[in-house]
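Below is one structure, written out as structure tokens; comments come after it.
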Amino acid sequence: MKEELISGKITRREFAQRLIALGIIGSSAGTLLTWADKAHAAKRGGRLRAGIAHGSTTDTLDPATYENGYMSKINYAIQNHLGEVDHTGNMFPELAESWDPQNGAKTWVFNLRRGVEFHNGKTLDSDDVIASFQHHMGETKSPAKSLLKQVSSIRKDGKYKVVFELTGGNADFPFVASDYHIAIKASKDGKINPTDGIGTGAYVLKEMEMGVRFFGTRNPNYFKPDRGWFNELEMLSIVDPTARSNALTTGEVDVIDRVDLKTAHLLARKSGIKVEETTGTKHYTFPMRTDTPPFDDNNVRMALKHAVNRDEIVEKVLFGHGVVGNDHPIAPSNPFHAATLPQRTYDPDKARFYAKKAGGSIKVQLSAADAAFPGAVDAAVLYKEHAAVAGIDIEVIREPSDGYWSNVWMKKPWGACYWGGRPTEDWMFSTAYMGGASWNDTFWKHDRFDKLLIQARAETDQNKRREMYYEMQQIVRDEGGVVVPMFANYVFGTTDKIEHGTLAGNWDLDGDKFHERWWYS
Amino acid sequence: MSAETHSNTESGTITPLLEVKGLRIEGLSEKGWHEIVCGVDLQLKRGEVLGLIGESGAGKSTIGLASMGYTRDGCRITDGDIIFDGLELRTASEEKKRRLRGTRIAYVAQSAAAAFNPAHRLLDQFSEAPVDHGVLSRREAEKKGRDLYRSLDLPDPENIGERWPHQVSGGQLQRMMVAMAMACGPDLLVFDEPTTALDVTTQIEVLKTIKEVVTARQVAAIYITHDLAVVAQLADHLMVLRYGDLIEMNTTGQMLTAPQQDYTRALLDARTRHEKPPSEAAESGALLTINSVTAGYRNGPDILQDVSVSVTRGQTVAVVGESGSGKSTLARVITGLLPPRSGSIEFAGERLPPELAQRNKRQLREAQMIYQMPDVALNPRQRVRDIIGRPLSFYLGLSGKERERRIIELLEQIELSDRYIDRFPGELSGGEKQRICIARALAAEPDLIICDEVTSALDTIVAQAILNLLQRLQSELRLTYLFISHDLDTVASIADKVVVFYAGRIAEQGPKSAVFEPPFHPYTRLLLSSVPEMRQNWLEETLSTREAQAGIAREVKITERGCPFNERCPAVIPDICVSERPPVQTAASGHTFACQHSPKELAS
Amino acid sequence: MIHILKIVAQRIALGLLTLLVISLFITFGVELLPGDLAESILGQSATPETVRVFRAELGLDKPAHLRYLDWLAGMATGDMGVSLANKREISELVGIRLANTLFLGGFAAAIAVPLALLLGILAALYRNSFYDRAVNVFTLTSISFPEFFVAYILILFFAIKFGWFPGISNVSTELALGDKLYRTLLPAATLTLVVVAHMMRMTRAAIINLLASPYIEMARLKGIRPTRIILRHALPNALAPIVNVIALNLAYLVVGVVIVEVVFVYPGLGQLLVDSVSKRDVPVVQACSMIFASVYILLNLSADVISIITNPRLLHPR
Amino acid sequence: MPMSNLFKEFLSAPLTAKFGMLVIFGYAVISIFAPLIAPYGETEILGGAYELWGDKYLLGTDNLGRDMLSRLIYGARNTIGIALLITVLAFLLGSITGMIAATVGGWTDQILGRIVDVLMSIPSLIFALLVLSIFGTAMPYLISVIAILDSTRVFRLARATAMNVAVMDFVEVARLRGERLGWITVKEILPNITAPLLAEFGLRFCFVFLFISALSFLGLGIQPPTADWGSMVRDNSTLITYDDITPLLPAGAIALLTVAVNFVVDWMLHKSSGLKDVS
């Protein structure tokens, strides 16, 4: 793309300016083109074997059903999206060449890259993009459907231009349009074949056994000239953490994700193995149902928020591989993270004070399962011990991992929960904190917060936007129903033969794009 | 290696083949090691047969096995010498002894059915020892097996070896074991109660085989038994043992005619027929009436066919016949365990429901049963108190002191002291166990007691004591007995009336005096002549009778047509007996029998 | 022979009945589980709307008993149906997994059964010796560790420390047999350690139990060598209980190996079943359960038949 | 039995049985007096994660900084208590139904047999997964599910052995007396099949730990923060591949108990078979 940029299709400056204006990228325009970064002498060749923590026999290639890290990594190996997040957390075009907000960010024009070929030889055009989007709209099971509700229409404007009309202004729309579900696939008669496994990605799918193994070879016609270094890509689903680290130690695989935090330091000591980590938006929470007693009383919530020793949880559940949270979901890596907001600390006295205000003793149940997040049960047990000091009685209920999301999450009054996080504040808040949002797992409704959220979405003045988001973070912190004890790092291990540039933190393994960004030394 | 090549064949008459000196053996029990053989000496020359006699616990089997240099688990030889053909077996290596066993010393066990491995064909088991010891090749061994089978008069000697142990009758199996013992041509045979578990008719058949082997092949033998009459037919010398001690040793003739010790006399006495005086309590009126009962198991044939018996109150009715004749089935029908296919049972004038479940507590209480094997008839995990006490509380509602008092009373009745009340069956001797069974039956205060072979698992002296006890109880308590037995001798001493069963049908029934006197049904005659008598040469004489020649070495077969006994009957009328049912006739002496021959013809 | 055929026919009929009951149990058991495939697959991202559409697409909007009847009709014609989750033919989906499972189970059995018999026979022969006690303690210890723990220990030594074997059993269809055996040796060894104790103890006990019987004494008195007594006289008669235990353990090797599959990343049927249960993919759960139950029933049946064949009393009635 | 007799029995036992009894006795003492013996509380968080063995924490700490030794000691109480309860329940259920099947025979036998067949042919982990997911993992459910699953094995054994006893004459005597099923099974048959049941008890008891541990693999085990050995093995098992012997402690505790229990059971079996020989 560097070449293309220089060749004048779009000037780098123009492009950057547009994005800066929109707040999509900050001042980091200089590092925009990471996939063209040649600071390292990347080499082509070899077979990359990865052991991935997820994967299930019930997985399918249909983008509407992607639900775990294994499918996500396959998704990014065989398919591309309109935009791509780089290591700074910013969005820049991938299959789009550029995008253009109009009409107060209510209308978005996406210019497509020309000459991109699908694995089946078809060339990418507007129809493919529209069909790919429509797969997630209307009568569909796709989880991206709720994201795309704001899209009132999609139309093509020529072979390489797609225009989105939104119901309201959204300055962050390129993030939405690049959601990992919305992989761009080849269309036929206005429809995509969701399970054909054909995309524009760096690797061509050769063999696939769900929940076991993926095998692909390098796409010789890949449109990113300096990406996709490996000749072959093999990904194994290795769910058991011990098995995963064993596989890396014994040389069965070259990369593993989600290193068992308990033993990460031991793994790092092994010769020939590197353990690396990135801090992203992933956070673990304890959402309380604010519509259910006793959590409908903010004093109870505040008492509980003061009754947890976040440092100890980060130390013992994350083994230091993370940072403490401040009871709101905005990560330090998010653009508008309120760093000035005082960090909430463990304060049994305050907890006792709030408990008293709430009417004396607090006795609650906390549901957890390791399906919520790894170490959730341990974290709950620690929480129990911390709260006991403040005279608060927490009974830890270990729920079965099986069916946790349908039986416990958003059903039981207080539980443990996992959030991959969202790259933008608006997206995160709209998804889980706006009154009435379908994943509002605290069933929280705050008028001032909801008003600010709508305003900030369409606001293009960065400073005003920042102020609004800061205030919202404070509201959630002091009045919301969520305890956010920690942001967890993505920790992964590789052999020391693997090299890479600066790592992205939006997903595990370099934004789930390790296969196209890394190379063998 | 065979008998003929042994070095001391010529000198055999001078040096004893086996010499045991001062043998002491200890056994392990709960209470530790205690002596079970207390210094026994014996000598055996080639061609001699030594009988070891005694009750259970006398140590006779232990001595028999020790003479092979073998002790069972939980036994150890503590002193003495066992010298076989110059070799000291006590100190010999296990390997040396192993080479002797099966080749030069062979063993014949009590129960062939248990001692043959159920997993292998008979001829394979025959060949095993000679082939394994390298005496014969496999082919030679099999040929030898067939030859032996033939010379021992086994049926179908060419093919019987291809059968499995369970496919051969008990008597034949026992004989095949004798053949197997002869496989390597041994110098010494140890027979360990080889006929104890058999019917009298079968016993003769096995004794005949043993006799042939011992006399014709001139081997030395030790014959272990508790039955003097049996061993008298074979042994040159007898040794009487009791509790591991030698009581008396003498030649057979001397022992039979002039026993020196009281114990020996008691043994002899127990084998002598004791006639029972007719029960004075004999009242009119039948307590139990069995009306033309036909019965069988599941889909099988009729085991009982048209059986009618009536039992008078206060009397003893004996049911006799060989195994397989349906005697025990009759008991099961009476107790309700096996509802009859047709016919009915009346008890004290009341028709009993055919099924056990339909009978009421009183009906159940009135008829009690005593079993053949006291070992399995008593729950090994219950104390005597619970065993006897249960019917007391169950039927009579006794409890506490009253129950305790009654238990002790019952123990007295069966001549046991109240010290027994806390014992487990495992701590009792066979006779004591059977007494407890009797006490349990008495506890129900029954009118009728069904005694199913109650003495056949017991030693002779013990059995006699049990019979005496039963008779005493009968006169004291006005009991009625239905006494099932295969042993005519036993029956003779206790019965008022005798019913002879053959293949599920009544061959003959009537007052004891009438049945035991001519005219005899041919089957009764066979049974009577098969009872060993306490004299030498009885075996040879019996074998020469036409009853024995026709009747032994055959099994009871259930048939639908004709007379079931026709195959074994010396007086068979070829066409008629096979096809026609024998008519039931009444003889002058007041007994009935089923036979084509008239009473007059049978009287001769 | 007719006797055996009759028993086999009877058992097969009973087995089919058992299968029917199990299928009912499984269907309605899974049905009773909170949530369905749509909710499970959508997971955290389920909304009422997407769930409704998904359900309609899967046919989950039909009542459970109708779906069960459909399934039953399919089974009767040999059609196992398609997976709800990924629309693949279940026969094809299950086929590869079953082959893998049977391969691993067979491999483990090929080591474990002879080993257990050998150890058991030797223990019976040298009972109460040091060898006997040592084997007893070793096998008891090996079964008292959880399977995954045994697996980790084996991995620690043979994969990580000595590097002789791979730490995971990454098998694919194109592997040569030797390679496949090499890669599955550690899981097979784990399973062996898990099952060998039970079979060995039973072998020892069954043989020792018979050593007191008269025909063994008879064999001793015939001067037969101790080894031969055990092998030829005791073993054939002890086979029935031993075979029963072997059948139970073989069934376990096929049915109960989920955890070993997880630890060694071995693509077997157990993993598929657990995945499918957690995703409520009823047809796949049904198919796997039917296979497992059939394996169990067939193994028990074979044990019965072997018991009959090795027992001349039953094979050659009088 | 008076104390002195017990002591005599103990002295007469072979070395292995003595060892087994001592171990069991030790475990019992530890279980009963856990709060007195343990240096710290069961759930008390004391220090950092995985502190090394030392004076303060004899066996170090676990991943949450709880004292390993105290967890092991409390674990004995919980694990043995639960396993014992489950095994006893399984034996009650299995042996009673097994004996009824053997004694009554006919349809009762057939129906019970088929039910057990069904239960046994469903993989037990799947069965547990289904039931526990439906009803929740509260202790009563956990205990009943494992007890039911285990009782099927006991049923088979009890039925097979009771069949052999049911044909004995003394059972016929009881039947002829008109005794009811309850008496026949409990008083006549049960005392005669205790030996094989006992042997099975030894193994079953230990399998219960393992099953609980396997369930914790699926997240269905005993509720935290209760210490139980099975879950402790599971929680720390990853360490073993890094040469850390921490998980060996709970695993070793299970193994030691298994071996000890089976030593004692073997001896008792030997004794009871010896009794049979005398009778």
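Going by the structure tokens order, chains are called A, B, ..., each with residues numbered from 1, while ligands are numbered from 1 in the order shown.
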
Report task. Within 9 Å of chain C, which residues of chain A are there when counting only C-alpha atoms? Please give them as an NGL selection string. Result -> :A and (56-62 or 65-67 or 139-146 or 211-213 or 236-244 or 246-252 or 401-407 or 409 or 438-439)

Report task. Residues of chain D near chain B: apply a cut-off of 7 Å, count only C-alpha atoms, and supply the list as an NGL selection string. Result -> :D and (168-170 or 176-178 or 188 or 191-192 or 278-279)

Output all heavy atoms for every residue in that selection, as a short mmCIF file (atom, residue, chain, number, x, y, z; two decimals), in the first residue's frame.
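What landed in again-v2.cif:
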data_model
loop_
_atom_site.label_atom_id
_atom_site.label_comp_id
_atom_site.auth_asym_id
_atom_site.auth_seq_id
_atom_site.Cartn_x
_atom_site.Cartn_y
_atom_site.Cartn_z
N MET D 168 -28.46 -71.27 48.10
CA MET D 168 -28.06 -72.12 49.22
C MET D 168 -29.27 -72.59 50.00
O MET D 168 -30.30 -71.92 50.06
CB MET D 168 -27.15 -71.33 50.17
CG MET D 168 -25.91 -70.79 49.53
SD MET D 168 -24.64 -72.03 49.44
CE MET D 168 -23.39 -71.27 50.41
N ASP D 169 -29.10 -73.73 50.64
CA ASP D 169 -30.23 -74.32 51.37
C ASP D 169 -30.75 -73.42 52.48
O ASP D 169 -31.94 -73.37 52.74
CB ASP D 169 -29.81 -75.66 51.97
CG ASP D 169 -29.74 -76.74 50.90
OD1 ASP D 169 -30.27 -76.48 49.81
OD2 ASP D 169 -29.16 -77.81 51.16
N PHE D 170 -29.85 -72.67 53.14
CA PHE D 170 -30.35 -71.89 54.27
C PHE D 170 -31.27 -70.76 53.81
O PHE D 170 -32.14 -70.33 54.56
CB PHE D 170 -29.22 -71.38 55.17
CG PHE D 170 -28.24 -70.44 54.52
CD1 PHE D 170 -28.53 -69.10 54.39
CD2 PHE D 170 -27.01 -70.91 54.08
CE1 PHE D 170 -27.62 -68.25 53.82
CE2 PHE D 170 -26.10 -70.05 53.50
CZ PHE D 170 -26.40 -68.72 53.36
N LEU D 176 -38.98 -71.17 53.04
CA LEU D 176 -39.98 -72.14 53.47
C LEU D 176 -40.61 -71.70 54.79
O LEU D 176 -41.76 -72.00 55.07
CB LEU D 176 -39.35 -73.51 53.65
CG LEU D 176 -39.02 -74.25 52.36
CD1 LEU D 176 -38.38 -75.58 52.66
CD2 LEU D 176 -40.26 -74.44 51.51
N ARG D 177 -39.83 -70.98 55.59
CA ARG D 177 -40.37 -70.52 56.85
C ARG D 177 -41.41 -69.44 56.59
O ARG D 177 -42.26 -69.19 57.43
CB ARG D 177 -39.21 -69.96 57.69
CG ARG D 177 -39.56 -69.80 59.16
CD ARG D 177 -38.46 -69.08 59.89
NE ARG D 177 -37.19 -69.79 59.81
CZ ARG D 177 -36.03 -69.20 59.61
NH1 ARG D 177 -35.97 -67.89 59.45
NH2 ARG D 177 -34.93 -69.89 59.55
N GLY D 178 -41.35 -68.83 55.39
CA GLY D 178 -42.31 -67.78 55.07
C GLY D 178 -41.73 -66.39 55.29
O GLY D 178 -42.46 -65.43 55.39
N GLU D 188 -30.09 -63.01 55.72
CA GLU D 188 -29.55 -64.28 55.23
C GLU D 188 -28.46 -64.06 54.19
O GLU D 188 -27.43 -64.71 54.23
CB GLU D 188 -30.68 -65.13 54.61
CG GLU D 188 -31.85 -65.40 55.55
CD GLU D 188 -31.53 -66.41 56.66
OE1 GLU D 188 -30.50 -67.08 56.58
OE2 GLU D 188 -32.34 -66.51 57.61
N PRO D 191 -24.98 -60.90 55.01
CA PRO D 191 -23.78 -61.25 55.78
C PRO D 191 -22.83 -62.17 54.99
O PRO D 191 -21.65 -62.23 55.29
CB PRO D 191 -24.34 -61.99 57.00
CG PRO D 191 -25.75 -61.55 57.09
CD PRO D 191 -26.20 -61.31 55.70
N ASN D 192 -23.36 -62.85 53.98
CA ASN D 192 -22.52 -63.79 53.25
C ASN D 192 -21.86 -63.19 52.01
O ASN D 192 -21.08 -63.86 51.36
CB ASN D 192 -23.35 -65.01 52.85
CG ASN D 192 -23.68 -65.86 54.05
OD1 ASN D 192 -22.82 -66.49 54.62
ND2 ASN D 192 -24.94 -65.81 54.45
N VAL D 278 -12.45 -73.06 57.29
CA VAL D 278 -12.63 -73.83 58.52
C VAL D 278 -14.04 -74.42 58.58
O VAL D 278 -14.23 -75.55 58.98
CB VAL D 278 -12.37 -72.93 59.75
CG1 VAL D 278 -12.84 -73.61 61.02
CG2 VAL D 278 -10.89 -72.60 59.83
N SER D 279 -15.01 -73.65 58.13
CA SER D 279 -16.40 -74.10 58.27
C SER D 279 -16.70 -75.33 57.43
O SER D 279 -16.08 -75.56 56.44
CB SER D 279 -17.37 -72.98 57.93
OG SER D 279 -17.35 -72.73 56.55
#

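Counting only C-alpha atoms, every residue of chain C that comes within 7 Å of chain D is listed here: C:Thr18, C:Ile22, C:Gly29, C:Val30, C:Leu32, C:Leu33, C:Pro34, C:Val137, C:Leu140, C:Thr141, C:Ser144, C:Phe145, C:Pro146, C:Phe149, C:Tyr152, C:Ile153, C:Leu156, C:Val255, C:Gly256, C:Ser289, C:Phe292, C:Ala293, C:Tyr296.
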
Report summary line: Counting only C-alpha atoms, the residue among D:Asp62, D:Glu9, D:Glu200, D:Glu172 that lies closest to chain A is D:Asp62

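Atom pair CA of Arg472 in chain B / CA of Ile484 in chain B: separated by 18.3 Å.
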